[in-house]
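Taking it in order: structure first as structure tokens, then the write-up.
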Amino acid sequence: MIETYRGVVHQWELDHMGHLNIRSYQAMFEAASWHLYAAVGITPTWMRDHARGMAVVEQRIRYRSELGAGALVVITSEVTEIGDKTLHFVQHLHEIESGTEAATSEFVSVHIDTEARRACSLPPFVRTRAEEAGLFNRG
């Protein structure tokens, strides 16, 4: 796993019960996804230069522990499966001081040709870079 996000919970991100709002969890996980894509070579520049993109087609979030204002958080990510056109990954959100896992999010993301507007094969370097970064070691 690699670190893909680090931040703090702000007062304005809380819900009516004083806990981190679900949209804020989602924003953190989404930001972490871009760092994961970059770690495997699918950077914003590469996507623009090659008319490619990544589209999340499935996501499952598990909320495990509440977070309040001032909580320092970190997300680590790992790739669990690399298909021809899909990248499956899991992200773990931890509260830094206690080490408590606050939430996990599982994603299925599809590599797309942004001009044809359809799924296309991931470039071969994705698997290589994921393995080299220690994100994926499943043959």
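Identifiers for the structure tokens are assigned positionally: chains receive A, B, ... in sequence, residues are indexed from 1 per chain, and ligands are indexed from 1 in the order shown.
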Where does segment 104-136 of chain A meet segment 58-72 of chain A within 10 Å, residue by residue, with the nearest atom pair and distance in Å to one decimal for each, counting only C-alpha atoms, listed by chain and rising number, as a Markdown table?
| residue | atom | partner | partner_atom | distance |
| --- | --- | --- | --- | --- |
| A:Thr104 | CA | A:Arg62 | CA | 5.3 |
| A:Ser105 | CA | A:Ile61 | CA | 4.3 |
| A:Glu106 | CA | A:Arg60 | CA | 5.1 |
| A:Phe107 | CA | A:Gln59 | CA | 4.5 |
| A:Val108 | CA | A:Glu58 | CA | 5.1 |
| A:Ser109 | CA | A:Glu58 | CA | 7.1 |
| A:Val110 | CA | A:Glu58 | CA | 9.5 |
Requested in this report: List the neighbours of segment 79-90 of chain A out to 10 Å using only C-alpha atoms; skip same-chain residues closer than 5 positions along the sequence, and give me the result as an MDAnalysis selection string.
Outcome: chainID A and resid 1:2 29 33 36:37 40 54:61 104:112 119:124 126:127 130:131 134:139
Query raised in the report: How many Å separate atom CA of Thr128 of chain A from atom CA of Ile42 of chain A?
Result: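 These atoms are spaced 12.2 Å apart.
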**Report entry** Every residue of chain A that DSSP places in strand (DSSP E or B), as a PyMOL selection string
**Finding:** chain A and resi 2-8+14+20+52-63+72-82+86-95+101-113+118-119
Report task. Name the residues in contact with Glu95 of chain A at a cut-off of 6 Å, using only C-alpha atoms, excluding same-chain residues fewer than 3 positions from it; report them as a list in words. Result ->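 The filter keeps Leu72, Val73, Gly99 and Thr100 of chain A.
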Using only C-alpha atoms, determine which residues lie at most 8 Å from Thr76 of chain A, disregarding the query and same-chain residues fewer than 4 positions distant; provide the list as a short mmCIF file (atom, residue, chain, number, x, y, z; two decimals) with N, CA and C atoms, in the first residue's frame.
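Saved the output as selection.cif:
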data_model
loop_
_atom_site.label_atom_id
_atom_site.label_comp_id
_atom_site.auth_asym_id
_atom_site.auth_seq_id
_atom_site.Cartn_x
_atom_site.Cartn_y
_atom_site.Cartn_z
N MET A 1 0.84 -1.19 0.00
CA MET A 1 0.00 0.00 0.00
C MET A 1 0.88 1.25 0.00
N ILE A 2 0.35 2.30 -0.58
CA ILE A 2 1.03 3.59 -0.54
C ILE A 2 0.08 4.65 -0.01
N GLU A 3 0.66 5.70 0.54
CA GLU A 3 -0.15 6.82 0.99
C GLU A 3 -0.62 7.61 -0.22
N THR A 4 -1.92 7.87 -0.27
CA THR A 4 -2.48 8.59 -1.41
C THR A 4 -3.25 9.85 -0.99
N TYR A 5 -3.38 10.08 0.32
CA TYR A 5 -4.07 11.28 0.79
C TYR A 5 -3.68 11.53 2.24
N GLN A 91 -9.09 1.45 -0.64
CA GLN A 91 -8.48 2.54 0.10
C GLN A 91 -8.88 2.43 1.56
N HIS A 92 -7.93 2.74 2.44
CA HIS A 92 -8.14 2.65 3.89
C HIS A 92 -7.91 4.03 4.49
N LEU A 93 -8.94 4.58 5.12
CA LEU A 93 -8.86 5.89 5.77
C LEU A 93 -8.64 5.68 7.26
#
Query raised in the report: So, counting only C-alpha atoms, which residue among A:Ala39, A:Ala32, A:Ser77, A:Ile96 is closest to Val9 of chain A?
Result: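 The shortest atom-to-atom distance to Val9 of chain A comes from A:Ile96.
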Query raised in the report: Just asking: which residues within segment 3-53 of chain A are alpha helix (DSSP H) according to DSSP, as number ranges by chain?
Result: A: 22-39, 44-50
Report task. Counting only C-alpha atoms, figure out which residue out of A:Arg118, A:Glu78, A:Glu97, A:Val8 gets nearest to Leu20 of chain A. Result ->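 That would be A:Val8, the residue with the smallest distance to Leu20 of chain A.
Going from atom CA of Arg52 of chain A to atom CA of Gly7 of chain A covers 28.7 Å.
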**Report entry** Distance query Arg23 of chain A at most 9 Å, only C-alpha atoms, self and fewer than 4 positions along chain excluded, as a list of chain:residue names
**Finding:** A:Glu13, A:Ala27, A:Met28
